[in-house]
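Source file upload08.txt; content: compact mmCIF, C-alpha atoms and all ligand atoms.
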# COMPACT_ATOMS: atom_id res chain seq x y z
CA LEU A 1 166.86 234.72 149.59
CA TRP A 2 166.33 234.67 145.84
CA LYS A 3 165.14 231.27 144.69
CA MET A 4 166.12 230.49 141.14
CA GLN A 5 163.55 227.72 140.76
CA THR A 6 160.78 230.16 141.67
CA PHE A 7 162.00 232.53 139.00
CA ILE A 8 162.10 229.74 136.42
CA ASP A 9 158.60 228.50 137.26
CA ARG A 10 157.12 231.97 137.22
CA THR A 11 158.81 233.00 133.99
CA VAL A 12 157.89 229.78 132.22
CA GLU A 13 154.24 230.40 133.13
CA GLU A 14 154.38 234.02 132.02
CA VAL A 15 155.99 233.14 128.70
CA ARG A 16 153.44 230.41 128.00
CA ALA A 17 150.54 232.71 128.82
CA ARG A 18 151.87 235.51 126.64
CA VAL A 19 153.01 233.50 123.64
CA GLY A 20 150.08 231.10 123.37
CA ASN A 21 150.63 228.93 120.33
CA LYS A 22 152.61 231.50 118.32
CA ARG A 23 156.26 231.16 117.39
CA VAL A 24 159.23 232.97 118.90
CA ILE A 25 162.49 233.80 117.19
CA CYS A 26 165.56 233.81 119.39
CA GLY A 27 168.75 235.42 118.17
CA LEU A 28 171.83 233.55 119.38
CA SER A 29 175.20 235.31 119.49
CA GLY A 30 177.17 232.63 121.27
CA GLY A 31 177.27 234.79 124.40
CA VAL A 32 175.85 234.12 127.85
CA ASP A 33 172.75 236.33 127.73
CA SER A 34 171.31 235.15 124.43
CA SER A 35 172.12 231.53 125.28
CA VAL A 36 170.35 231.68 128.65
CA CYS A 37 167.41 233.50 127.08
CA ALA A 38 167.10 230.77 124.45
CA ALA A 39 167.46 227.96 127.00
CA LEU A 40 164.71 229.48 129.13
CA LEU A 41 162.35 229.83 126.17
CA LEU A 42 163.13 226.29 125.05
CA LYS A 43 162.14 225.09 128.49
CA ALA A 44 158.90 227.07 128.39
CA ILE A 45 157.74 226.52 124.82
CA GLY A 46 160.36 224.26 123.18
CA PRO A 47 158.93 223.42 119.74
CA GLN A 48 157.65 226.97 119.18
CA VAL A 49 161.17 228.44 119.36
CA ALA A 50 163.30 229.07 116.29
CA CYS A 51 166.89 230.12 117.02
CA ILE A 52 168.88 232.14 114.53
CA TYR A 53 172.65 232.25 114.69
CA VAL A 54 174.59 234.28 112.14
CA ASP A 55 178.12 233.06 111.47
CA ASN A 56 179.78 236.28 110.33
CA GLY A 57 183.23 234.73 109.96
CA LEU A 58 184.45 236.97 112.79
CA MET A 59 183.97 234.49 115.60
CA ARG A 60 186.68 232.88 117.67
CA GLU A 61 188.00 229.37 117.18
CA GLY A 62 185.32 226.73 117.71
CA GLU A 63 182.58 229.16 118.72
CA THR A 64 180.12 228.30 115.97
CA GLU A 65 180.58 224.61 116.76
CA VAL A 66 179.77 225.19 120.44
CA VAL A 67 176.53 226.97 119.51
CA LYS A 68 175.53 224.20 117.12
CA HIS A 69 176.44 221.46 119.55
CA THR A 70 174.70 223.08 122.51
CA PHE A 71 171.47 224.05 120.81
CA ARG A 72 171.03 221.60 117.97
CA ASP A 73 172.47 218.42 119.51
CA TRP A 74 171.84 218.97 123.21
CA PHE A 75 168.68 221.11 123.43
CA LYS A 76 167.28 219.71 120.16
CA ALA A 77 166.33 223.22 119.16
CA ASP A 78 165.28 224.35 115.70
CA LEU A 79 168.56 226.13 115.00
CA HIS A 80 169.01 228.20 111.87
CA ALA A 81 172.78 228.67 111.64
CA VAL A 82 173.36 231.01 108.72
CA ASP A 83 176.76 230.83 107.10
CA ALA A 84 177.30 234.45 106.05
CA ARG A 85 181.08 234.43 106.30
CA ASP A 86 181.73 235.31 102.66
CA ARG A 87 179.22 238.12 102.65
CA PHE A 88 180.75 239.82 105.72
CA LEU A 89 184.31 239.41 104.52
CA SER A 90 183.61 240.74 101.06
CA GLU A 91 181.78 243.78 102.45
CA LEU A 92 184.72 244.46 104.77
CA LYS A 93 187.28 244.27 101.99
CA GLY A 94 189.52 247.32 101.90
CA VAL A 95 187.87 248.94 104.95
CA THR A 96 190.29 250.11 107.65
CA ASP A 97 188.31 252.61 109.74
CA PRO A 98 187.02 251.01 112.99
CA GLN A 99 183.65 252.78 113.04
CA GLU A 100 183.16 252.01 109.36
CA LYS A 101 183.82 248.33 110.09
CA ARG A 102 181.22 248.41 112.87
CA LYS A 103 178.64 250.05 110.64
CA ILE A 104 179.12 247.53 107.87
CA ILE A 105 178.94 244.59 110.27
CA GLY A 106 175.82 245.99 111.92
CA ARG A 107 174.09 246.61 108.60
CA VAL A 108 174.96 243.21 107.12
CA PHE A 109 173.94 241.48 110.34
CA ILE A 110 170.48 243.04 110.29
CA ASP A 111 170.10 242.21 106.64
CA VAL A 112 171.08 238.55 107.06
CA PHE A 113 169.03 238.15 110.23
CA LYS A 114 165.96 239.72 108.63
CA HIS A 115 166.21 237.49 105.61
CA GLU A 116 166.39 234.38 107.77
CA ALA A 117 163.62 235.54 110.12
CA LYS A 118 161.24 236.15 107.21
CA ALA A 119 161.67 232.56 106.17
CA ILE A 120 160.29 231.33 109.50
CA PRO A 121 156.55 230.96 109.17
CA ASP A 122 154.17 232.51 111.74
CA ALA A 123 156.94 234.07 113.78
CA HIS A 124 155.33 236.65 116.00
CA PHE A 125 157.79 237.33 118.81
CA LEU A 126 161.48 238.15 118.94
CA ALA A 127 163.28 237.24 122.15
CA GLN A 128 166.26 239.20 123.43
CA GLY A 129 168.55 238.54 126.35
CA THR A 130 168.32 242.06 127.75
CA LEU A 131 169.48 242.21 131.39
CA TYR A 132 168.56 244.67 134.11
CA PRO A 133 171.74 246.75 133.68
CA ASP A 134 170.97 247.04 129.92
CA VAL A 135 167.48 248.27 130.75
CA ILE A 136 168.93 250.98 132.99
CA GLU A 137 171.57 251.91 130.46
CA SER A 138 169.25 252.34 127.51
CA GLY A 139 166.78 254.21 129.71
CA GLY A 140 168.55 257.40 128.79
CA SER A 141 170.44 258.03 132.00
CA LYS A 142 173.67 257.53 130.14
CA ASP A 143 174.09 258.17 126.45
CA GLY A 144 177.79 257.58 126.34
CA PRO A 145 179.54 254.95 124.30
CA ALA A 146 178.09 252.07 126.30
CA ALA A 147 174.53 252.96 125.36
CA THR A 148 175.45 253.05 121.70
CA ILE A 149 177.28 249.79 122.05
CA LYS A 150 174.34 248.08 123.67
CA LEU A 151 172.01 249.44 121.06
CA HIS A 152 174.18 247.96 118.37
CA HIS A 153 174.75 244.76 120.24
CA ASN A 154 171.11 244.10 120.98
CA VAL A 155 170.16 245.23 117.49
CA GLY A 156 167.74 247.83 118.76
CA GLY A 157 165.05 248.68 116.25
CA LEU A 158 165.13 245.26 114.68
CA PRO A 159 161.93 243.92 116.28
CA ALA A 160 159.93 246.99 115.27
CA GLU A 161 161.32 246.94 111.75
CA LEU A 162 160.34 243.31 111.36
CA GLY A 163 156.98 243.81 112.99
CA PHE A 164 157.82 241.51 115.89
CA GLU A 165 156.71 241.82 119.44
CA LEU A 166 159.65 241.90 121.82
CA ILE A 167 160.02 239.38 124.63
CA GLU A 168 162.75 239.91 127.25
CA PRO A 169 162.56 237.23 129.96
CA LEU A 170 165.86 238.24 131.64
CA ARG A 171 165.15 241.92 132.11
CA ASP A 172 164.96 241.72 135.92
CA LEU A 173 168.24 239.87 136.31
CA PHE A 174 171.85 240.78 136.94
CA LYS A 175 174.73 238.97 135.28
CA ASP A 176 175.51 236.66 138.20
CA GLU A 177 171.86 235.62 138.36
CA VAL A 178 171.84 234.94 134.63
CA ARG A 179 174.87 232.68 135.05
CA ARG A 180 173.17 230.74 137.85
CA LEU A 181 170.05 230.45 135.76
CA GLY A 182 172.10 229.19 132.80
CA THR A 183 173.64 226.47 134.94
CA ASP A 184 170.24 225.45 136.30
CA LEU A 185 168.91 225.23 132.75
CA GLY A 186 171.71 222.85 131.79
CA LEU A 187 173.98 225.11 129.78
CA PRO A 188 177.65 224.03 129.80
CA ASP A 189 180.16 226.00 131.91
CA GLU A 190 181.92 226.93 128.71
CA VAL A 191 178.88 229.01 127.74
CA VAL A 192 177.80 230.16 131.19
CA TRP A 193 181.19 231.57 132.16
CA ARG A 194 182.11 233.01 128.78
CA HIS A 195 183.67 236.46 128.76
CA PRO A 196 181.75 239.07 126.78
CA PHE A 197 182.58 239.27 123.10
CA PRO A 198 181.82 242.33 120.98
CA GLY A 199 179.22 242.16 118.21
CA PRO A 200 181.78 243.09 115.52
CA GLY A 201 183.88 240.21 116.80
CA LEU A 202 187.45 239.70 115.66
CA ALA A 203 187.08 242.48 113.08
CA VAL A 204 187.91 245.05 115.77
CA ARG A 205 190.83 242.95 117.02
CA CYS A 206 192.38 242.64 113.60
CA LEU A 207 193.57 246.21 113.30
CA GLY A 208 193.30 247.76 109.86
CA GLU A 209 191.89 245.77 106.98
CA VAL A 210 190.28 242.44 107.86
CA THR A 211 191.38 239.50 105.74
CA GLU A 212 190.82 235.78 106.04
CA GLU A 213 194.55 235.25 106.54
CA LYS A 214 194.83 237.80 109.36
CA LEU A 215 191.75 236.34 111.05
CA ALA A 216 193.29 232.88 110.95
CA THR A 217 196.49 234.17 112.56
CA LEU A 218 194.56 236.06 115.23
CA ARG A 219 192.35 233.07 116.00
CA LYS A 220 195.36 230.84 116.64
CA ALA A 221 197.02 233.35 118.95
CA ASP A 222 193.75 234.02 120.80
CA THR A 223 193.15 230.31 121.34
CA ILE A 224 196.63 229.78 122.80
CA PHE A 225 196.08 232.68 125.21
CA LEU A 226 192.61 231.57 126.29
CA ASP A 227 193.72 227.94 126.70
CA GLU A 228 196.46 229.04 129.09
CA LEU A 229 193.99 231.15 131.06
CA HIS A 230 191.59 228.22 131.35
CA LYS A 231 194.30 225.76 132.35
CA SER A 232 195.68 228.05 135.05
CA GLY A 233 192.26 229.00 136.46
CA TRP A 234 192.74 232.65 135.51
CA TYR A 235 189.90 232.77 132.99
CA ARG A 236 187.29 232.90 135.76
CA LYS A 237 189.29 235.43 137.76
CA THR A 238 189.32 237.94 134.90
CA SER A 239 186.56 239.82 133.10
CA GLN A 240 187.73 239.81 129.51
CA ALA A 241 190.81 238.50 127.72
CA PHE A 242 191.84 238.36 124.10
CA ALA A 243 194.58 238.74 121.53
CA VAL A 244 194.87 241.60 119.06
CA LEU A 245 196.73 241.42 115.76
CA LEU A 246 198.65 244.64 115.23
CA PRO A 247 199.48 246.06 111.83
CA VAL A 248 203.11 246.29 112.92
CA GLN A 249 206.05 244.26 111.72
CA SER A 250 209.29 244.07 113.60
CA VAL A 251 212.64 242.41 113.30
CA GLY A 252 213.41 239.09 114.95
CA VAL A 253 215.87 236.23 114.68
CA MET A 254 215.14 232.60 114.03
CA GLY A 255 217.96 230.11 113.69
CA ASP A 256 220.53 231.85 111.53
CA GLY A 257 218.01 234.06 109.86
CA ARG A 258 216.47 237.43 110.39
CA THR A 259 212.68 237.64 110.42
CA TYR A 260 210.39 240.59 109.82
CA GLU A 261 206.98 239.58 111.09
CA ASN A 262 203.78 240.57 112.89
CA THR A 263 203.08 241.56 116.47
CA VAL A 264 200.32 240.22 118.69
CA ALA A 265 199.15 242.18 121.73
CA ILE A 266 197.43 240.35 124.53
CA ARG A 267 194.87 242.12 126.66
CA CYS A 268 193.34 240.96 129.93
CA VAL A 269 191.24 243.13 132.23
CA GLN A 270 189.29 243.13 135.49
CA THR A 271 186.15 245.21 135.66
CA ASP A 272 182.72 245.33 137.29
CA ASP A 273 180.90 247.33 134.66
CA PHE A 274 183.19 247.62 131.62
CA MET A 275 183.03 251.41 131.93
CA THR A 276 186.32 251.40 133.79
CA ALA A 277 188.81 248.56 133.82
CA ASP A 278 192.20 247.67 135.18
CA TRP A 279 194.71 245.42 133.44
CA SER A 280 195.06 242.02 135.06
CA ARG A 281 198.23 241.26 137.00
CA LEU A 282 198.69 237.86 135.37
CA PRO A 283 201.55 235.77 136.73
CA GLU A 284 204.81 236.19 134.86
CA ASP A 285 205.19 232.50 134.13
CA LEU A 286 201.73 232.41 132.60
CA LEU A 287 202.58 235.38 130.37
CA ALA A 288 205.84 233.69 129.42
CA ARG A 289 204.04 230.49 128.36
CA VAL A 290 201.57 232.47 126.30
CA ALA A 291 204.30 234.43 124.53
CA THR A 292 206.40 231.35 123.77
CA GLY A 293 203.34 229.41 122.68
CA ILE A 294 202.23 232.10 120.27
CA ILE A 295 205.65 232.79 118.81
CA ASN A 296 206.46 229.10 118.36
CA ARG A 297 203.12 227.99 117.04
CA VAL A 298 201.63 230.89 115.12
CA LYS A 299 203.23 231.38 111.74
CA GLY A 300 203.97 234.99 110.89
CA VAL A 301 204.20 236.24 114.48
CA ASN A 302 207.59 236.95 116.06
CA ARG A 303 206.66 239.30 118.90
CA VAL A 304 204.09 239.34 121.70
CA VAL A 305 203.38 242.34 123.93
CA TYR A 306 201.18 242.63 127.01
CA ASP A 307 198.83 245.59 127.20
CA ILE A 308 199.18 247.33 130.60
CA SER A 309 196.81 250.22 129.97
CA SER A 310 193.79 250.81 132.14
CA LYS A 311 190.43 252.25 131.10
CA PRO A 312 190.20 255.21 131.03
CA PRO A 313 192.04 256.55 129.19
CA ALA A 314 192.54 253.43 127.07
CA THR A 315 189.48 251.42 126.03
CA ILE A 316 189.29 247.67 126.50
CA GLU A 317 189.25 246.97 122.77
CA TRP A 318 191.92 248.42 120.51
CA GLU A 319 189.47 249.68 117.92
P1 LIG B 1 185.60 249.42 125.21
O1 LIG B 1 186.56 248.99 124.14
O2 LIG B 1 184.68 250.52 124.73
O3 LIG B 1 184.67 248.16 125.46
O4 LIG B 1 186.27 249.74 126.50
C1 LIG B 1 183.78 248.01 126.54
C2 LIG B 1 183.06 246.70 126.37
O5 LIG B 1 182.22 246.75 125.22
C3 LIG B 1 182.61 245.78 124.26
N1 LIG B 1 182.50 246.39 122.93
C4 LIG B 1 181.51 246.15 122.06
N2 LIG B 1 180.45 245.33 122.15
N3 LIG B 1 179.77 246.02 120.00
C5 LIG B 1 179.60 245.25 121.10
O6 LIG B 1 178.64 244.50 121.14
C6 LIG B 1 180.81 246.86 119.84
O7 LIG B 1 180.94 247.53 118.81
C7 LIG B 1 181.72 246.92 120.94
N4 LIG B 1 182.84 247.66 121.15
C8 LIG B 1 183.31 247.30 122.39
C9 LIG B 1 184.03 245.39 124.62
O8 LIG B 1 184.35 244.08 124.17
C10 LIG B 1 184.00 245.51 126.13
O9 LIG B 1 183.42 244.37 126.73
Turn this file's structure into structure tokens for me.
Ligand code: XMP
Amino acid sequence: LWKMQTFIDRTVEEVRARVGNKRVICGLSGGVDSSVCAALLLKAIGPQVACIYVDNGLMREGETEVVKHTFRDWFKADLHAVDARDRFLSELKGVTDPQEKRKIIGRVFIDVFKHEAKAIPDAHFLAQGTLYPDVIESGGSKDGPAATIKLHHNVGGLPAELGFELIEPLRDLFKDEVRRLGTDLGLPDEVVWRHPFPGPGLAVRCLGEVTEEKLATLRKADTIFLDELHKSGWYRKTSQAFAVLLPVQSVGVMGDGRTYENTVAIRCVQTDDFMTADWSRLPEDLLARVATGIINRVKGVNRVVYDISSKPPATIEWE
């Protein structure tokens, strides 16, 4: 039987021995892995940890606040939350190609992160929440899309470029173990049970050009969907769920008038490894509440569709 406390004690010792009195930078994305990695390091060497969180303006509703609340207020960590929203949005202006969006976001992220990291004196280590499955994946056994995604996601190459030594305290763990560890370290359920969220964030769920206005619409729809999943207990039973704002207008009626407004697609999948996925058989009444909620409360949306494609051949994301 795997004892979590033994793992914590051992890792804390190892980290202390390796780091000595140097400083460690911890990149926070808002996701489970980076949060657990940071919480573990904070436990081991608290005051020597500097966390960097880049707000790229492509996060979901309330996400930045959760990061700030959890790490600054609760863990009392030295949190550098960089507000780079304008920079990302202006670089994305006019860009419609999905891969181009990803490249821009990746490049700007590294640039912003680097700039912030350089401002932290005597930083010697960079911590990453790499898990065992990531280690296997980037080991070269698979060089399909997932490997590229992970590389991007975990900003491979960044530590070397910055001259940092890499520290990966979660590299022997699987996802379920990381969640248990997170709970033991005092992270809130909201963080521990969070679905994965792509590095390029809402930019790849706002099809076509990304604008502040479209992001605001998407965020509202996404929040209504996720709230319903949480309330009904379905959030934990599914692997990933989100709304997508389509660049499609269609005709509707409201009162006596005719509308010509946007479409939101909702996507919810079950998967073990994200390489294949099946669409979730959500209850009809849940879907109905989501659709009505979005159409009634999100201005500019008059139609909601449910994505019933599995992967393959469809991907989980729309871009
Ligand atoms: P797809 O859409 O390829 O997604 O079926 C599989 C999983 O990967 C996530 N994803 C990304 N994660 N950067 C990331 O960090 C990306 O560019 C990216 N694209 C997709 C997606 O959310 C799903 O969990």
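Atom CA of Thr11 of chain A is found 21.3 Å from atom CA of Pro188 of chain A.
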Exercise. Which is closest to Asp285 of chain A among A:Asp256, A:Ser232, A:Ser250, A:Val12, if we use only C-alpha atoms?
Worked result: A:Ser232
For this session: Skip Leu28 of chain A itself and residues of its chain fewer than 6 positions away, then list as a ChimeraX atom specification all residues within 6 Å of it, counting all atoms listed in the file.
Result: /A:34,52-53
Those selected residues, please, written with C-alpha atoms and delivered as a compact mmCIF listing (two decimals), in the coordinates of the input.
# COMPACT_ATOMS: atom_id res chain seq x y z
CA SER A 34 171.31 235.15 124.43
CA ILE A 52 168.88 232.14 114.53
CA TYR A 53 172.65 232.25 114.69
For this session: Have a look at A:Trp279, A:Phe88, A:Phe164, A:Phe109 and name the one nearest to Gln128 of chain A; count only C-alpha atoms.
Result: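 Among the listed residues, A:Phe164 lies closest to Gln128 of chain A.
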For this session: Measuring atom to atom with all atoms listed in the file, identify which of A:Glu13, A:Asp134, A:Asp176, A:Glu209 is nearest to Leu89 of chain A.
Result: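 Counting all atoms listed in the file, the residue closest to Leu89 of chain A is A:Glu209.
Between atom CA of Arg23 of chain A and atom CA of Thr130 of chain A the interatomic distance comes to 19.3 Å.
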Exercise. A:Cys268, A:Met254, A:Ile8, A:Leu282: which is nearest ligand LIG 1 (chain B), counting all atoms listed in the file?
Worked result: A:Cys268
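Comparing A:Gly199, A:Pro247, A:Gly186, A:Pro169 by their smallest distance to Ala127 of chain A, the closest is A:Pro169 (using all atoms listed in the file).
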For this session: For each of A:Asn56, A:Thr223, A:Thr315, A:Thr70, take the minimum atom-to-atom distance to Asp83 of chain A, counting all atoms listed in the file, then give the residue where this is smallest.
Result: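 Between A:Asn56, A:Thr223, A:Thr315, A:Thr70, the residue approaching Asp83 of chain A most closely is A:Asn56.
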Kindly compute an axis-aligned box around the listed atoms of ligand LIG 1 (chain B), allowing 3 Å on each side, and express its centre and edge lengths in Å to one decimal as lines of an AutoDock Vina configuration file.
center_x = 182.6
center_y = 247.3
center_z = 122.8
size_x = 13.9
size_y = 12.4
size_z = 13.9
For this session: Please return, as an MDAnalysis selection string, all polymer residues that have at least one atom within 6 Å of the point (163.1, 224.9, 118.0); use only C-alpha atoms and the file's own coordinate frame.
Result: chainID A and resid 46:50 77:78
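From atom CA of Glu213 of chain A back to atom CA of Val244 of chain A, the distance works out to 14.0 Å.
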For this session: Can you pull out every residue within 12 Å of Val24 of chain A, counting all atoms listed in the file, but drop anything in the same chain fewer than 2 positions away, and send it as a VMD selection string?
Result: chain A and resid 15 to 16 18 to 22 26 to 27 37 to 38 41 to 42 44 to 52 78 117 120 to 128 159 164 to 168
Residue subset to file, keeping C-alpha atoms, as a tab-separated table (two decimals), in the frame of the given file:
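Now in part.tsv:
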chain	number	residue	atom	x	y	z
A	15	VAL	CA	155.99	233.14	128.70
A	16	ARG	CA	153.44	230.41	128.00
A	18	ARG	CA	151.87	235.51	126.64
A	19	VAL	CA	153.01	233.50	123.64
A	20	GLY	CA	150.08	231.10	123.37
A	21	ASN	CA	150.63	228.93	120.33
A	22	LYS	CA	152.61	231.50	118.32
A	26	CYS	CA	165.56	233.81	119.39
A	27	GLY	CA	168.75	235.42	118.17
A	37	CYS	CA	167.41	233.50	127.08
A	38	ALA	CA	167.10	230.77	124.45
A	41	LEU	CA	162.35	229.83	126.17
A	42	LEU	CA	163.13	226.29	125.05
A	44	ALA	CA	158.90	227.07	128.39
A	45	ILE	CA	157.74	226.52	124.82
A	46	GLY	CA	160.36	224.26	123.18
A	47	PRO	CA	158.93	223.42	119.74
A	48	GLN	CA	157.65	226.97	119.18
A	49	VAL	CA	161.17	228.44	119.36
A	50	ALA	CA	163.30	229.07	116.29
A	51	CYS	CA	166.89	230.12	117.02
A	52	ILE	CA	168.88	232.14	114.53
A	78	ASP	CA	165.28	224.35	115.70
A	117	ALA	CA	163.62	235.54	110.12
A	120	ILE	CA	160.29	231.33	109.50
A	121	PRO	CA	156.55	230.96	109.17
A	122	ASP	CA	154.17	232.51	111.74
A	123	ALA	CA	156.94	234.07	113.78
A	124	HIS	CA	155.33	236.65	116.00
A	125	PHE	CA	157.79	237.33	118.81
A	126	LEU	CA	161.48	238.15	118.94
A	127	ALA	CA	163.28	237.24	122.15
A	128	GLN	CA	166.26	239.20	123.43
A	159	PRO	CA	161.93	243.92	116.28
A	164	PHE	CA	157.82	241.51	115.89
A	165	GLU	CA	156.71	241.82	119.44
A	166	LEU	CA	159.65	241.90	121.82
A	167	ILE	CA	160.02	239.38	124.63
A	168	GLU	CA	162.75	239.91	127.25
For this session: Would you mind listing what lies within 10 Å of Asp184 of chain A as an NGL selection string, with only C-alpha atoms counted and same-chain residues fewer than 6 positions away left out?
Result: :A and (4-5 or 8 or 36 or 40 or 178)
Exercise. Neighbours of Val204 of chain A within 12 Å (only C-alpha atoms; same-chain residues fewer than 4 positions away dropped), as a PyMOL selection string?
Worked result: chain A and resi 58-59+92+95-103+105+197-200+208-211+214-215+218+242-246+316-319
